[in-house]
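Student: Data file structure-v3.cif (mmCIF, C-alpha atoms) is appended below.
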data_upload
#
loop_
_atom_site.label_atom_id
_atom_site.label_comp_id
_atom_site.auth_asym_id
_atom_site.auth_seq_id
_atom_site.Cartn_x
_atom_site.Cartn_y
_atom_site.Cartn_z
CA MET A 30 -69.65 97.59 154.81
CA SER A 31 -69.82 94.90 157.49
CA GLY A 32 -72.19 91.99 157.28
CA THR A 33 -74.80 91.01 159.88
CA LEU A 34 -74.61 88.37 162.58
CA TYR A 35 -77.95 86.58 162.79
CA ILE A 36 -78.82 84.65 165.96
CA VAL A 37 -81.22 82.04 164.61
CA ALA A 38 -83.50 79.92 166.81
CA THR A 39 -84.13 76.41 165.47
CA PRO A 40 -86.65 73.73 166.54
CA ILE A 41 -86.14 71.90 169.84
CA GLY A 42 -87.68 68.76 168.37
CA ASN A 43 -90.44 69.09 165.81
CA LEU A 44 -88.97 70.45 162.58
CA ASP A 45 -92.31 71.99 161.63
CA ASP A 46 -91.70 74.59 164.35
CA ILE A 47 -89.04 76.38 162.31
CA GLY A 48 -90.22 79.78 161.10
CA ARG A 49 -90.22 81.18 157.59
CA ARG A 50 -87.90 83.99 158.63
CA ALA A 51 -85.40 81.51 160.08
CA LEU A 52 -85.50 79.47 156.87
CA ALA A 53 -84.93 82.57 154.72
CA THR A 54 -82.06 83.74 156.93
CA LEU A 55 -80.29 80.38 156.84
CA GLN A 56 -80.76 80.15 153.08
CA ALA A 57 -79.24 83.60 152.54
CA ALA A 58 -76.33 83.33 154.99
CA ASP A 59 -72.80 83.20 153.62
CA ILE A 60 -71.88 80.77 156.39
CA ILE A 61 -73.66 79.11 159.30
CA ALA A 62 -71.87 78.69 162.64
CA CYS A 63 -73.08 75.77 164.75
CA GLU A 64 -72.13 73.53 167.67
CA ASP A 65 -72.04 70.26 165.74
CA THR A 66 -71.82 70.41 161.95
CA ARG A 67 -73.23 66.87 161.57
CA HIS A 68 -76.28 67.71 163.66
CA SER A 69 -76.94 71.00 161.87
CA ARG A 70 -76.37 69.43 158.46
CA ARG A 71 -79.31 67.09 159.12
CA LEU A 72 -81.51 70.10 159.87
CA LEU A 73 -80.40 71.91 156.72
CA ASP A 74 -80.90 68.82 154.58
CA ALA A 75 -84.42 68.38 155.97
CA CYS A 76 -85.15 72.01 155.02
CA ALA A 77 -83.45 71.75 151.59
CA ILE A 78 -80.84 74.37 152.51
CA ASP A 79 -77.32 74.02 151.13
CA ARG A 80 -75.03 76.48 152.90
CA PRO A 81 -71.51 76.02 154.29
CA LEU A 82 -71.17 75.19 157.99
CA THR A 83 -68.41 75.94 160.47
CA ALA A 84 -68.08 74.62 164.01
CA LEU A 85 -68.24 76.97 166.98
CA HIS A 86 -68.23 75.16 170.32
CA GLN A 87 -66.72 75.47 173.79
CA HIS A 88 -63.38 73.99 172.71
CA ASN A 89 -62.70 76.34 169.79
CA GLU A 90 -64.87 79.34 170.66
CA ARG A 91 -62.14 81.99 170.75
CA GLY A 92 -60.52 81.11 167.43
CA ALA A 93 -63.80 80.42 165.65
CA ALA A 94 -65.36 83.66 166.90
CA GLU A 95 -62.40 85.77 165.78
CA ALA A 96 -62.43 84.13 162.33
CA LEU A 97 -66.14 84.84 161.96
CA ILE A 98 -65.64 88.48 163.00
CA ARG A 99 -63.13 88.83 160.18
CA ARG A 100 -65.66 87.46 157.72
CA LEU A 101 -68.31 89.82 159.04
CA HIS A 102 -65.91 92.76 158.62
CA ALA A 103 -65.42 91.61 155.02
CA GLY A 104 -69.15 91.99 154.40
CA GLU A 105 -70.35 88.41 154.79
CA ASN A 106 -73.53 87.52 156.68
CA VAL A 107 -73.16 84.90 159.40
CA ALA A 108 -75.97 82.86 160.96
CA LEU A 109 -75.40 81.34 164.39
CA VAL A 110 -77.46 78.32 165.45
CA SER A 111 -77.27 75.88 168.35
CA ASP A 112 -78.07 72.18 168.25
CA ALA A 113 -81.64 73.03 169.23
CA GLY A 114 -83.62 76.05 170.35
CA THR A 115 -82.40 79.59 170.88
CA PRO A 116 -78.60 80.01 170.75
CA LEU A 117 -76.59 81.12 173.80
CA VAL A 118 -79.04 79.63 176.33
CA SER A 119 -76.55 77.24 177.97
CA ASP A 120 -74.83 77.06 174.56
CA PRO A 121 -71.71 78.69 173.06
CA GLY A 122 -71.95 81.98 171.19
CA ALA A 123 -71.72 84.69 173.83
CA LEU A 124 -68.14 85.55 172.87
CA LEU A 125 -69.00 85.91 169.18
CA THR A 126 -71.98 88.11 169.98
CA ARG A 127 -69.92 90.25 172.37
CA LEU A 128 -67.12 90.70 169.83
CA ALA A 129 -69.65 91.67 167.17
CA HIS A 130 -71.17 94.36 169.38
CA ALA A 131 -67.71 95.66 170.28
CA ALA A 132 -66.80 95.88 166.59
CA GLY A 133 -69.97 97.75 165.69
CA ILE A 134 -71.36 94.82 163.71
CA ARG A 135 -75.12 94.48 163.55
CA VAL A 136 -76.51 91.59 165.60
CA CYS A 137 -80.00 90.51 164.54
CA PRO A 138 -82.02 87.92 166.52
CA ILE A 139 -84.38 85.60 164.64
CA PRO A 140 -86.82 84.45 167.36
CA GLY A 141 -88.11 80.92 167.71
CA ALA A 142 -88.33 77.97 170.04
CA SER A 143 -86.75 77.94 173.50
CA SER A 144 -87.19 74.93 175.79
CA VAL A 145 -87.05 77.26 178.81
CA ILE A 146 -90.09 79.25 177.70
CA VAL A 147 -91.90 76.23 176.26
CA ALA A 148 -91.66 74.39 179.58
CA LEU A 149 -92.59 77.47 181.58
CA SER A 150 -95.66 78.11 179.43
CA ALA A 151 -97.00 74.58 179.89
CA GLY A 152 -95.78 73.74 183.39
CA GLY A 153 -98.56 75.34 185.39
CA LEU A 154 -96.24 77.17 187.80
CA PRO A 155 -96.17 80.97 188.19
CA ALA A 156 -94.43 82.49 185.18
CA ASP A 157 -94.49 86.19 186.00
CA ARG A 158 -91.04 85.93 187.58
CA PHE A 159 -88.53 83.11 187.21
CA THR A 160 -84.84 82.22 187.35
CA PHE A 161 -83.07 80.15 184.71
CA ALA A 162 -80.32 78.23 186.49
CA GLY A 163 -79.03 76.17 183.55
CA PHE A 164 -77.46 72.73 183.88
CA ILE A 165 -77.10 71.19 187.34
CA PRO A 166 -73.51 70.14 188.26
CA ALA A 167 -72.73 66.45 187.78
CA LYS A 168 -70.64 65.84 190.91
CA ALA A 169 -72.60 65.11 194.08
CA GLY A 170 -70.95 67.73 196.30
CA GLU A 171 -71.16 70.47 193.71
CA ARG A 172 -74.76 69.51 192.93
CA GLN A 173 -75.76 69.80 196.59
CA ARG A 174 -74.11 73.20 197.01
CA PHE A 175 -75.72 74.37 193.78
CA LEU A 176 -79.21 73.31 194.89
CA ASP A 177 -78.69 74.94 198.29
CA ASP A 178 -78.78 78.32 196.55
CA TYR A 179 -82.43 77.72 195.61
CA ARG A 180 -83.65 76.34 198.94
CA THR A 181 -85.59 79.50 199.75
CA ALA A 182 -86.24 80.83 196.22
CA THR A 183 -89.50 82.78 196.11
CA HIS A 184 -90.22 82.21 192.42
CA THR A 185 -90.08 79.43 189.82
CA THR A 186 -86.58 78.15 189.05
CA ILE A 187 -85.77 76.35 185.79
CA PHE A 188 -83.00 73.77 185.33
CA PHE A 189 -81.68 71.63 182.48
CA GLU A 190 -80.68 68.02 183.10
CA ALA A 191 -79.34 65.12 181.04
CA PRO A 192 -80.92 61.64 181.01
CA HIS A 193 -77.95 59.84 182.58
CA ARG A 194 -78.04 62.19 185.60
CA ILE A 195 -81.77 62.71 186.09
CA ALA A 196 -82.22 60.01 188.76
CA ASP A 197 -79.37 61.35 190.90
CA THR A 198 -80.65 64.91 190.52
CA LEU A 199 -84.21 64.08 191.55
CA ALA A 200 -82.88 62.20 194.58
CA ALA A 201 -80.73 65.20 195.51
CA MET A 202 -83.71 67.54 195.16
CA ALA A 203 -85.81 65.30 197.41
CA ASP A 204 -83.07 65.54 200.01
CA ALA A 205 -82.46 69.28 199.63
CA PHE A 206 -85.97 70.71 199.48
CA ASP A 207 -89.21 70.56 201.42
CA SER A 208 -91.11 67.41 200.44
CA ALA A 209 -94.23 69.29 199.31
CA ARG A 210 -92.40 71.72 197.04
CA PRO A 211 -93.80 71.62 193.48
CA LEU A 212 -91.63 70.15 190.73
CA VAL A 213 -92.58 69.90 187.07
CA ILE A 214 -90.64 67.47 184.88
CA ALA A 215 -90.80 68.28 181.17
CA ARG A 216 -89.03 65.96 178.76
CA GLU A 217 -88.80 65.49 175.00
CA LEU A 218 -90.59 68.78 174.43
CA SER A 219 -92.26 69.02 170.99
CA LYS A 220 -91.12 65.46 170.16
CA GLN A 221 -93.15 62.27 169.74
CA PHE A 222 -92.86 61.20 173.38
CA GLU A 223 -93.29 64.62 174.96
CA GLN A 224 -94.25 64.42 178.62
CA ILE A 225 -94.98 67.09 181.24
CA ALA A 226 -95.57 65.79 184.77
CA SER A 227 -96.65 67.96 187.69
CA LEU A 228 -95.24 66.44 190.89
CA THR A 229 -93.53 67.33 194.15
CA VAL A 230 -89.87 66.89 194.95
CA ALA A 231 -90.82 63.98 197.24
CA THR A 232 -92.80 62.06 194.60
CA ALA A 233 -90.54 62.76 191.61
CA PRO A 234 -87.97 59.94 192.19
CA ALA A 235 -90.70 57.28 192.38
CA TRP A 236 -92.42 58.72 189.30
CA LEU A 237 -89.18 58.43 187.34
CA ALA A 238 -88.47 54.89 188.56
CA ALA A 239 -91.97 53.64 187.67
CA ASP A 240 -91.21 53.58 183.93
CA ALA A 241 -87.77 53.19 182.36
CA ASN A 242 -88.88 55.28 179.37
CA ARG A 243 -89.29 58.30 181.62
CA ALA A 244 -85.51 58.59 181.99
CA ARG A 245 -85.04 59.12 178.25
CA GLY A 246 -84.64 62.42 176.46
CA GLU A 247 -83.58 65.88 177.50
CA PHE A 248 -85.13 67.34 180.65
CA VAL A 249 -86.34 70.74 181.75
CA LEU A 250 -87.13 70.88 185.48
CA LEU A 251 -89.32 73.60 186.97
CA LEU A 252 -89.00 73.98 190.72
CA GLY A 253 -91.81 75.85 192.42
CA ALA A 254 -91.27 78.59 194.97
CA ALA A 255 -90.38 77.62 198.53
CA ALA A 256 -93.11 77.93 201.12
CA ALA A 257 -92.97 81.19 203.04
CA GLN A 258 -90.88 80.87 206.18
CA PRO A 259 -90.91 83.07 209.28
CA ASN A 260 -88.07 85.54 209.29
CA ALA A 261 -87.17 84.68 212.87
CA GLY A 262 -87.21 81.52 214.94
CA TRP A 263 -84.24 79.56 213.64
CA GLN A 264 -81.72 81.40 215.77
CA ALA A 265 -82.76 79.54 218.93
CA LEU A 266 -82.40 76.19 217.19
CA ALA A 267 -78.99 77.19 215.86
CA ASP A 268 -77.87 78.21 219.35
CA ASP A 269 -79.08 74.93 220.84
CA LEU A 270 -77.29 72.81 218.24
CA ARG A 271 -74.11 74.81 218.66
CA ASP A 272 -74.29 74.49 222.44
CA ALA A 273 -74.73 70.73 222.00
CA GLY A 274 -71.32 70.64 220.35
CA LEU A 275 -72.18 70.48 216.64
CA ALA A 276 -69.83 72.19 214.22
CA ALA A 277 -71.00 75.43 212.64
CA LYS A 278 -71.25 73.94 209.14
CA THR A 279 -73.27 70.97 210.39
CA THR A 280 -75.53 73.23 212.43
CA ALA A 281 -76.12 75.55 209.46
CA ALA A 282 -77.02 72.62 207.20
CA LEU A 283 -79.47 71.14 209.71
CA VAL A 284 -81.14 74.47 210.48
CA ALA A 285 -81.50 75.24 206.77
CA LYS A 286 -82.97 71.81 206.03
CA HIS A 287 -85.58 71.91 208.80
CA THR A 288 -86.55 75.59 208.80
CA GLY A 289 -85.94 76.78 205.25
CA ALA A 290 -83.47 79.39 206.48
CA ASN A 291 -80.59 80.33 204.22
CA LYS A 292 -77.65 78.11 205.12
CA LYS A 293 -75.09 80.82 204.47
CA ALA A 294 -77.00 83.25 206.70
CA VAL A 295 -77.15 80.69 209.51
CA TYR A 296 -73.45 79.96 209.19
CA GLN A 297 -72.59 83.65 209.30
CA TYR A 298 -74.83 84.06 212.36
CA LEU A 299 -72.90 81.32 214.14
CA LEU A 300 -69.57 82.86 213.21
CA ASP A 301 -70.70 86.24 214.46
CA ARG A 302 -71.84 84.70 217.75
CA ALA A 303 -68.51 82.93 218.15
CA ASP A 304 -66.59 86.15 217.53
CA GLY A 305 -68.74 87.95 220.06
#
As structure tokens - that is how I would like this structure written.

Tutor:
Amino acid sequence: MSGTLYIVATPIGNLDDIGRRALATLQAADIIACEDTRHSRRLLDACAIDRPLTALHQHNERGAAEALIRRLHAGENVALVSDAGTPLVSDPGALLTRLAHAAGIRVCPIPGASSVIVALSAGGLPADRFTFAGFIPAKAGERQRFLDDYRTATHTTIFFEAPHRIADTLAAMADAFDSARPLVIARELSKQFEQIASLTVATAPAWLAADANRARGEFVLLLGAAAAQPNAGWQALADDLRDAGLAAKTTAALVAKHTGANKKAVYQYLLDRADG
């Protein structure tokens, strides 16, 4: 009989947040798969749990997942954890879970902390509908194109960001979005220096720069919905800019920035007009 794959949520900061069921599952597991064995060993030591660890990360995911499936087929129970929070949320593990389902192996989630939900619950923005967008690209061009996809989002959008990129990201957001658009910065959630600041995209860069300590820790960013824009009205501006000699890509970017229109839709409109 096959074993069970347990997907175990661990604390995102405060170790007291770990649940009794998670502790019991980790204690009983034949092996614990984790991103960084050194990091997870500290957690286990703090909880007085002595179980073997094996690394499963983006560089070895295929081989590690297949090895764990063989152990599950042999009847062993495997617990999967991430460095913090709920596994698979911007972390490795999807392949292992998919292979387990395909092989008919039971997959059992052990619920717990998730920085996405923690930030959403305390951020003060609408939480009835939201998009989790994950980590923001590091390169400037890719970052700008990535943010463009959320220029007209009608619900809360959640991002992760690292401390060494937070200043560049906030500056890019201030450039990409309407200045009054709400932005909540949540950092060091559940840790000693936890901070949740309700700002706008225009005021966020100055807020960050006002105190060097604010750039420390891991960040969850909650971007509020874009202000409602008229469905029509940008076409005339796009036509005028095109007639003035601006390239289609430049025109689309300017129209999107100043009207909130979807840049791809504007660009396609200009192409269609050119073809006609």

Student: Apply the PyMOL selection byres ((chain A and resi 293) around 10) to the file shown and report the selected residues as a VMD selection string.

Tutor: chain A and resid 177 to 178 278 281 to 282 285 290 to 292 294 to 299

Student: Care to translate the PyMOL selection byres ((chain A and resi 93) around 12) into actual residues of this file, as a PyMOL selection string?

Tutor: chain A and resi 61-64+82-92+94-100+109+121-122+124-125+128

Student: Once the PyMOL selection byres ((chain A and resi 48) around 9) has been evaluated on this model, what residues remain selected, and can you format them as a count of residues only?

Tutor: 14

Student: List the residues sitting within 8 Å of (-80.0, 75.2, 178.6) in the file's frame, using only C-alpha atoms, as a compact mmCIF listing (two decimals) with C-alpha atoms, in the frame of the given file.

Tutor:
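And here's point08.txt as it stands now:
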# COMPACT_ATOMS: atom_id res chain seq x y z
CA VAL A 118 -79.04 79.63 176.33
CA SER A 119 -76.55 77.24 177.97
CA ASP A 120 -74.83 77.06 174.56
CA SER A 144 -87.19 74.93 175.79
CA VAL A 145 -87.05 77.26 178.81
CA GLY A 163 -79.03 76.17 183.55
CA PHE A 164 -77.46 72.73 183.88
CA PHE A 188 -83.00 73.77 185.33
CA PHE A 189 -81.68 71.63 182.48

Student: Excluding region 217-225 of chain A and any residue of its chain fewer than 5 positions from it, enumerate the residues within 6 Å of it, using all atoms listed in the file, and give them as a PDB file with C-alpha atoms, in the coordinates of the input.

Tutor:
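The result, stored in around.pdb:
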ATOM      1  CA  GLY A  42     -87.680  68.760 168.370  1.00  0.00           C
ATOM      2  CA  ASN A  43     -90.440  69.090 165.810  1.00  0.00           C
ATOM      3  CA  GLY A 246     -84.640  62.420 176.460  1.00  0.00           C
ATOM      4  CA  GLU A 247     -83.580  65.880 177.500  1.00  0.00           C
TER       5      GLU A 247
END

Student: Do you have the CA of Ala142 (chain A)-CA of Ala201 (chain A) distance handy?

Tutor: 29.5 Å

Student: Go ahead and compute the interatomic distance for CA of Ala231 (chain A) and CA of Ser208 (chain A), in Å to one decimal.

Tutor: 4.7 Å

Student: Please return, as a count of residues only, all polymer residues that have at least one atom within 12 Å of the point (-68.3, 74.0, 151.7); use all atoms listed in the file and the file's own coordinate frame.

Tutor: 10

Student: Choose the residue, out of A:Val284, A:Ala57, A:Ala203, A:Ile165, that has the smallest atom-to-atom separation from Leu270 (chain A); count only C-alpha atoms.

Tutor: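 Counting only C-alpha atoms, the residue closest to Leu270 (chain A) is A:Val284.
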